[in-house]
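Shown below: entry19.csv, with CSV, C-alpha atoms.
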chain,number,residue,atom,x,y,z
B,3,MET,CA,34.0,162.4,53.9
B,4,SER,CA,36.2,163.3,56.8
B,5,LYS,CA,39.2,161.1,57.7
B,6,ALA,CA,37.8,161.0,61.2
B,7,PHE,CA,35.1,158.7,60.0
B,8,THR,CA,37.2,156.3,58.0
B,9,LYS,CA,39.4,154.6,60.6
B,10,GLU,CA,37.9,151.3,61.7
B,11,SER,CA,38.8,149.1,64.6
B,12,ASP,CA,38.0,145.4,64.6
B,13,ALA,CA,38.4,145.3,68.3
B,14,GLY,CA,35.9,148.2,68.8
B,15,ASP,CA,38.4,149.9,71.1
B,16,ASP,CA,37.1,153.3,72.0
B,17,ASP,CA,40.6,154.4,72.9
B,18,ASP,CA,41.5,154.5,69.2
B,19,GLU,CA,42.3,158.0,68.4
B,20,VAL,CA,42.3,159.4,64.9
B,21,ALA,CA,45.7,160.8,64.0
B,22,LEU,CA,45.3,164.6,63.6
B,23,PRO,CA,46.7,166.1,60.4
B,24,ALA,CA,50.3,167.1,61.3
B,25,LEU,CA,50.8,170.8,62.2
B,26,PRO,CA,54.3,172.2,61.9
B,27,GLN,CA,56.0,172.1,65.3
B,28,GLY,CA,55.3,175.1,67.4
B,29,THR,CA,52.5,176.5,65.2
B,30,LYS,CA,48.8,177.0,65.8
B,31,ASN,CA,45.7,175.5,64.1
B,32,TYR,CA,44.7,178.5,61.9
B,33,LEU,CA,41.1,178.6,60.8
B,34,THR,CA,39.0,181.3,59.0
B,35,PRO,CA,36.0,182.5,61.0
B,36,GLN,CA,33.8,180.5,58.5
B,37,GLY,CA,35.9,177.3,59.0
B,38,TYR,CA,35.7,177.6,62.7
B,39,ALA,CA,31.9,178.2,62.6
B,40,ARG,CA,31.5,175.1,60.3
B,41,LEU,CA,33.5,172.8,62.6
B,42,ARG,CA,31.7,174.2,65.7
B,43,SER,CA,28.3,173.7,64.0
B,44,GLU,CA,29.3,170.1,63.1
B,45,LEU,CA,30.3,169.4,66.7
B,46,MET,CA,27.1,170.9,68.2
B,47,GLY,CA,25.0,168.9,65.7
B,48,LEU,CA,26.8,165.7,66.8
B,49,LEU,CA,26.3,166.4,70.5
B,50,ASP,CA,22.8,167.8,70.4
B,51,GLU,CA,21.1,165.9,67.6
B,52,GLU,CA,22.9,162.8,66.1
B,53,ARG,CA,24.4,161.3,69.2
B,54,PRO,CA,21.2,161.4,71.3
B,55,LYS,CA,19.2,159.8,68.4
B,56,VAL,CA,21.8,156.9,68.1
B,57,VAL,CA,21.8,156.4,71.9
B,58,GLU,CA,18.0,156.1,71.8
B,59,VAL,CA,18.2,153.5,69.0
B,60,VAL,CA,20.9,151.5,70.8
B,61,SER,CA,19.0,151.6,74.0
B,62,TRP,CA,15.8,150.4,72.3
B,63,ALA,CA,17.7,147.7,70.4
B,64,ALA,CA,19.4,146.5,73.6
B,65,LYS,CA,16.0,145.8,75.1
B,66,ASN,CA,15.1,143.5,72.3
B,67,GLY,CA,17.0,140.5,73.5
B,68,ASP,CA,20.1,138.8,71.9
B,69,ARG,CA,22.5,141.6,71.1
B,70,SER,CA,24.9,139.3,69.2
B,71,GLU,CA,22.5,139.0,66.3
B,72,ASN,CA,20.7,142.4,66.7
B,73,GLY,CA,21.7,144.5,63.6
B,74,ASP,CA,20.2,147.7,65.1
B,75,TYR,CA,22.3,147.3,68.2
B,76,LEU,CA,25.5,146.3,66.4
B,77,TYR,CA,25.3,149.1,63.8
B,78,GLY,CA,24.2,151.6,66.5
B,79,LYS,CA,27.2,150.8,68.7
B,80,LYS,CA,29.5,151.1,65.7
B,81,ARG,CA,28.0,154.4,64.7
B,82,LEU,CA,28.2,155.7,68.3
B,83,ARG,CA,32.0,154.9,68.3
B,84,GLU,CA,32.3,156.8,65.1
B,85,ILE,CA,30.4,159.8,66.4
B,86,ASP,CA,32.4,159.8,69.7
B,87,ARG,CA,35.6,159.6,67.7
B,88,ARG,CA,34.6,162.6,65.6
B,89,ILE,CA,33.5,164.6,68.7
B,90,ARG,CA,36.9,164.0,70.3
B,91,PHE,CA,38.7,165.1,67.0
B,92,LEU,CA,36.6,168.2,66.6
B,93,THR,CA,37.0,169.1,70.3
B,94,LYS,CA,40.7,168.8,70.2
B,95,ARG,CA,41.0,170.8,66.9
B,96,LEU,CA,38.7,173.6,68.1
B,97,ASP,CA,40.6,173.8,71.4
B,98,ILE,CA,43.9,174.6,69.6
B,99,ALA,CA,42.3,176.7,66.9
B,100,GLU,CA,43.4,180.3,66.2
B,101,VAL,CA,40.8,182.1,64.2
B,102,VAL,CA,42.3,184.5,61.7
B,103,ASP,CA,40.1,186.8,59.7
B,104,PRO,CA,41.5,187.2,56.2
B,105,SER,CA,39.4,190.4,55.6
B,106,ALA,CA,41.9,192.2,57.8
B,107,HIS,CA,44.2,192.2,54.7
B,108,HIS,CA,41.5,193.4,52.2
B,109,GLY,CA,43.1,195.6,49.6
B,110,HIS,CA,46.7,194.3,50.2
B,111,ASP,CA,48.8,192.7,47.5
B,112,GLN,CA,50.8,190.5,49.8
B,113,VAL,CA,49.9,186.8,50.3
B,114,PHE,CA,48.9,185.9,53.9
B,115,PHE,CA,46.6,183.2,55.4
B,116,GLY,CA,43.1,183.4,53.8
B,117,ALA,CA,44.3,185.0,50.5
B,118,THR,CA,42.9,183.9,47.1
B,119,VAL,CA,45.9,183.9,44.9
B,120,THR,CA,46.2,183.6,41.1
B,121,TYR,CA,49.6,182.5,39.9
B,122,ALA,CA,51.1,181.6,36.6
B,123,ASN,CA,53.7,178.9,35.9
B,124,GLN,CA,56.6,179.2,33.4
B,125,LYS,CA,54.3,178.1,30.5
B,126,GLY,CA,51.9,180.9,31.4
B,127,ASP,CA,49.1,178.5,32.7
B,128,GLU,CA,47.2,180.3,35.5
B,129,ARG,CA,45.7,178.7,38.5
B,130,THR,CA,43.7,180.2,41.4
B,131,ILE,CA,43.8,178.9,45.0
B,132,THR,CA,42.6,180.0,48.4
B,133,ILE,CA,44.9,179.4,51.4
B,134,LYS,CA,42.9,178.0,54.3
B,135,GLY,CA,43.4,176.0,57.5
B,136,ILE,CA,44.2,172.3,57.6
B,137,ASP,CA,40.8,171.4,58.8
B,138,GLU,CA,38.8,173.4,56.3
B,139,ALA,CA,40.8,173.2,53.0
B,140,ASP,CA,39.0,171.4,50.2
B,141,ASN,CA,41.1,170.7,47.1
B,142,GLN,CA,38.0,170.1,45.0
B,143,LYS,CA,37.1,173.8,45.6
B,144,GLY,CA,40.6,175.1,44.9
B,145,GLU,CA,41.4,175.5,48.6
B,146,VAL,CA,44.8,174.4,49.9
B,147,SER,CA,46.1,174.2,53.5
B,148,TRP,CA,48.5,176.9,54.6
B,149,ILE,CA,51.1,174.2,55.1
B,150,ALA,CA,50.8,172.8,51.6
B,151,PRO,CA,54.0,173.3,49.5
B,152,ILE,CA,52.3,175.7,47.1
B,153,ALA,CA,50.9,177.8,50.0
B,154,ARG,CA,54.3,177.9,51.8
B,155,ALA,CA,56.0,179.0,48.6
B,156,LEU,CA,53.4,181.8,48.0
B,157,LEU,CA,53.2,183.1,51.6
B,158,LYS,CA,54.5,186.7,52.0
B,159,ALA,CA,55.0,187.1,48.2
B,160,ARG,CA,53.5,190.1,46.5
B,161,VAL,CA,51.8,190.6,43.1
B,162,GLY,CA,54.6,190.4,40.5
B,163,ASP,CA,56.9,188.3,42.6
B,164,GLU,CA,58.4,185.1,41.3
B,165,VAL,CA,58.7,182.3,43.8
B,166,VAL,CA,60.3,178.9,43.6
B,167,LEU,CA,58.1,175.8,44.2
B,168,GLN,CA,59.7,172.5,44.9
B,169,THR,CA,57.7,169.8,43.1
B,170,PRO,CA,58.3,166.0,42.6
B,171,GLY,CA,59.2,166.8,39.0
B,172,GLY,CA,61.8,169.4,40.1
B,173,VAL,CA,62.0,173.1,40.7
B,174,GLU,CA,59.2,175.3,39.2
B,175,ARG,CA,59.1,179.0,39.1
B,176,ILE,CA,55.7,180.6,39.5
B,177,GLU,CA,54.7,184.3,39.4
B,178,VAL,CA,52.0,185.8,41.6
B,179,VAL,CA,49.5,187.4,39.3
B,180,GLU,CA,46.7,188.5,41.7
B,181,VAL,CA,46.0,188.5,45.4
B,182,ASN,CA,42.4,189.0,46.8
B,183,TYR,CA,40.9,188.9,50.3
B,184,PRO,CA,37.3,189.0,51.3
B,185,ALA,CA,35.8,192.4,52.1
B,186,PRO,CA,35.4,193.1,55.8
B,187,ALA,CA,31.9,192.5,57.2
B,188,LYS,CA,29.8,195.6,57.6
B,189,GLY,CA,28.4,196.1,61.0

Could you rewrite the structure in this file as structure tokens?
Amino acid sequence: MSKAFTKESDAGDDDDEVALPALPQGTKNYLTPQGYARLRSELMGLLDEERPKVVEVVSWAAKNGDRSENGDYLYGKKRLREIDRRIRFLTKRLDIAEVVDPSAHHGHDQVFFGATVTYANQKGDERTITIKGIDEADNQKGEVSWIAPIARALLKARVGDEVVLQTPGGVERIEVVEVNYPAPAKG
């Protein structure tokens, strides 16, 4: 579930803004083409489908009398605030997005945005991650944001390079084992 849906306000103030995940000063909101399309699709779904349905329910519930005890009305208004909050969030993030196609680096062995990187720690344990945008990274799928410490350590490294990663447990040296990018789309 997105953080944009978790912030609640007892006052029901529509001016509450969800704090955007922090971007380093002076940088852009990098997204892969797939990440941009997914966020845009979510925004269009909210605007074209979900919001009109909720507005219809709230309008119907408002006509049913006492709004203070009308569950459909109260829940609908709350859901409408959540939807509007998510719409504002997505609109702001898409407005500042810079779409970067990782397939442009297909065949290269240097780590850039969009790379899938396999690295090994000092014990020889290997792990594979994909470097993505802040709004699209999913740790459950092995995706990390390009501003995550591991991604920052790996960026611009090449296969065979050893990089230093600052961890809460101290300094760790990791070696880049493999770098992959998606193949360019044929067309």

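Our summary of the geometry notes that atom CA of Thr120 of chain B is positioned 19.3 Å from atom CA of Ala106 of chain B.
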
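The closest residue to Lys94 of chain B, picked from B:Asp137, B:Asp50, B:Glu145, B:Asp68 and counting all atoms listed in the file, is B:Asp137.
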
Fill in: Non-local contacts of Ile85 of chain B (9 Å; only C-alpha atoms; under 3 positions in same chain excluded) as a PyMOL selection string
chain B and resi 7+48-49+52-53+80-82+88-90

Could those selected residues go to a file with C-alpha atoms, as a PDB file, in the coordinates of the input?
ATOM      1  CA  PHE B   7      35.100 158.700  60.000  1.00  0.00           C
ATOM      2  CA  LEU B  48      26.800 165.700  66.800  1.00  0.00           C
ATOM      3  CA  LEU B  49      26.300 166.400  70.500  1.00  0.00           C
ATOM      4  CA  GLU B  52      22.900 162.800  66.100  1.00  0.00           C
ATOM      5  CA  ARG B  53      24.400 161.300  69.200  1.00  0.00           C
ATOM      6  CA  LYS B  80      29.500 151.100  65.700  1.00  0.00           C
ATOM      7  CA  ARG B  81      28.000 154.400  64.700  1.00  0.00           C
ATOM      8  CA  LEU B  82      28.200 155.700  68.300  1.00  0.00           C
ATOM      9  CA  ARG B  88      34.600 162.600  65.600  1.00  0.00           C
ATOM     10  CA  ILE B  89      33.500 164.600  68.700  1.00  0.00           C
ATOM     11  CA  ARG B  90      36.900 164.000  70.300  1.00  0.00           C
TER      12      ARG B  90
END

Practice prompt. Compile the contact shell of segment 124-126 of chain B as a count of residues only: residues with an atom at most 12 Å away, counting all atoms listed in the file, same-chain residues fewer than 5 positions apart removed.
Written response: 11

Item to complete: Give me the residues within 9 Å of Lys30 of chain B as a ChimeraX atom specification, counting only C-alpha atoms and dropping any in the same chain fewer than 6 places off.
Response: /B:98-100

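Going from atom CA of Arg129 of chain B over to atom CA of Thr34 of chain B, you cover 21.7 Å.
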
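Residue nearest Gly135 of chain B, chosen from B:Thr118, B:Ser105, B:Ser147, B:Gln27 and counting all atoms listed in the file: B:Ser147.
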
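Interatomic distance, atom CA of Arg40 of chain B against atom CA of Leu96 of chain B: 10.7 Å.
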
Fill in: Residue among B:Gly47, B:Val161, B:Val60, B:His107 lying closest to Arg83 of chain B, counting only C-alpha atoms
B:Val60

Fill in: Local residues around (20.9, 150.7, 66.8), at most 10 Å away, using only C-alpha atoms, as a ChimeraX atom specification
/B:55-64,72-82

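In terms of minimum interatomic distance to Glu138 of chain B, B:Gly37 ranks closest within B:Gly172, B:Gly67, B:Gly37, B:Gly116, counting all atoms listed in the file.
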
Discussion item. Excluding His108 of chain B and its own-chain neighbours fewer than 3 positions away, which residues fall within 12 Å of it when counting only C-alpha atoms? Please give them as a ChimeraX atom specification.
Written reply: /B:103-105,111-118,181-187

Item to complete: Choose the residue, out of B:Gln142, B:Thr132, B:Asn66, B:Asn31, that has the smallest atom-to-atom separation from Glu180 of chain B; count all atoms listed in the file.
Response: B:Thr132

Just segment 42-57 of chain B, please, as an mmCIF file, in the first residue's frame (only N, CA, C and O atoms).
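Dumped everything to out36.cif:
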data_model
loop_
_atom_site.group_PDB
_atom_site.id
_atom_site.type_symbol
_atom_site.label_atom_id
_atom_site.label_comp_id
_atom_site.auth_asym_id
_atom_site.auth_seq_id
_atom_site.Cartn_x
_atom_site.Cartn_y
_atom_site.Cartn_z
ATOM 1 N N ARG B 42 1.094 6.858 -14.129
ATOM 2 C CA ARG B 42 0.123 7.583 -14.953
ATOM 3 C C ARG B 42 -1.187 6.799 -15.060
ATOM 4 O O ARG B 42 -2.268 7.375 -14.979
ATOM 5 N N SER B 43 -1.087 5.500 -15.199
ATOM 6 C CA SER B 43 -2.273 4.643 -15.267
ATOM 7 C C SER B 43 -3.056 4.707 -13.955
ATOM 8 O O SER B 43 -4.293 4.774 -13.965
ATOM 9 N N GLU B 44 -2.337 4.695 -12.831
ATOM 10 C CA GLU B 44 -3.007 4.813 -11.525
ATOM 11 C C GLU B 44 -3.735 6.151 -11.423
ATOM 12 O O GLU B 44 -4.897 6.207 -10.997
ATOM 13 N N LEU B 45 -3.079 7.234 -11.847
ATOM 14 C CA LEU B 45 -3.691 8.559 -11.809
ATOM 15 C C LEU B 45 -4.946 8.607 -12.680
ATOM 16 O O LEU B 45 -5.997 9.088 -12.242
ATOM 17 N N MET B 46 -4.854 8.097 -13.888
ATOM 18 C CA MET B 46 -6.010 8.116 -14.797
ATOM 19 C C MET B 46 -7.150 7.255 -14.245
ATOM 20 O O MET B 46 -8.321 7.620 -14.362
ATOM 21 N N GLY B 47 -6.825 6.128 -13.625
ATOM 22 C CA GLY B 47 -7.848 5.274 -13.021
ATOM 23 C C GLY B 47 -8.575 5.975 -11.890
ATOM 24 O O GLY B 47 -9.801 5.862 -11.750
ATOM 25 N N LEU B 48 -7.821 6.715 -11.086
ATOM 26 C CA LEU B 48 -8.440 7.469 -9.994
ATOM 27 C C LEU B 48 -9.343 8.569 -10.538
ATOM 28 O O LEU B 48 -10.460 8.763 -10.056
ATOM 29 N N LEU B 49 -8.861 9.294 -11.542
ATOM 30 C CA LEU B 49 -9.626 10.414 -12.097
ATOM 31 C C LEU B 49 -10.847 9.961 -12.904
ATOM 32 O O LEU B 49 -11.913 10.566 -12.797
ATOM 33 N N ASP B 50 -10.686 8.928 -13.693
ATOM 34 C CA ASP B 50 -11.730 8.522 -14.630
ATOM 35 C C ASP B 50 -12.710 7.492 -14.077
ATOM 36 O O ASP B 50 -13.838 7.411 -14.559
ATOM 37 N N GLU B 51 -12.266 6.689 -13.109
ATOM 38 C CA GLU B 51 -13.125 5.611 -12.637
ATOM 39 C C GLU B 51 -13.479 5.725 -11.153
ATOM 40 O O GLU B 51 -14.646 5.873 -10.798
ATOM 41 N N GLU B 52 -12.452 5.620 -10.304
ATOM 42 C CA GLU B 52 -12.731 5.518 -8.873
ATOM 43 C C GLU B 52 -13.354 6.782 -8.283
ATOM 44 O O GLU B 52 -14.345 6.700 -7.562
ATOM 45 N N ARG B 53 -12.799 7.948 -8.587
ATOM 46 C CA ARG B 53 -13.337 9.180 -7.999
ATOM 47 C C ARG B 53 -14.790 9.423 -8.409
ATOM 48 O O ARG B 53 -15.622 9.718 -7.552
ATOM 49 N N PRO B 54 -15.151 9.298 -9.702
ATOM 50 C CA PRO B 54 -16.561 9.501 -10.062
ATOM 51 C C PRO B 54 -17.520 8.532 -9.347
ATOM 52 O O PRO B 54 -18.621 8.925 -8.964
ATOM 53 N N LYS B 55 -17.092 7.289 -9.142
ATOM 54 C CA LYS B 55 -17.934 6.318 -8.433
ATOM 55 C C LYS B 55 -18.165 6.746 -6.991
ATOM 56 O O LYS B 55 -19.281 6.671 -6.481
ATOM 57 N N VAL B 56 -17.092 7.182 -6.323
ATOM 58 C CA VAL B 56 -17.214 7.603 -4.923
ATOM 59 C C VAL B 56 -18.061 8.870 -4.829
ATOM 60 O O VAL B 56 -18.888 9.003 -3.920
ATOM 61 N N VAL B 57 -17.885 9.809 -5.751
ATOM 62 C CA VAL B 57 -18.697 11.033 -5.766
ATOM 63 C C VAL B 57 -20.177 10.671 -5.914
ATOM 64 O O VAL B 57 -21.034 11.246 -5.241
#
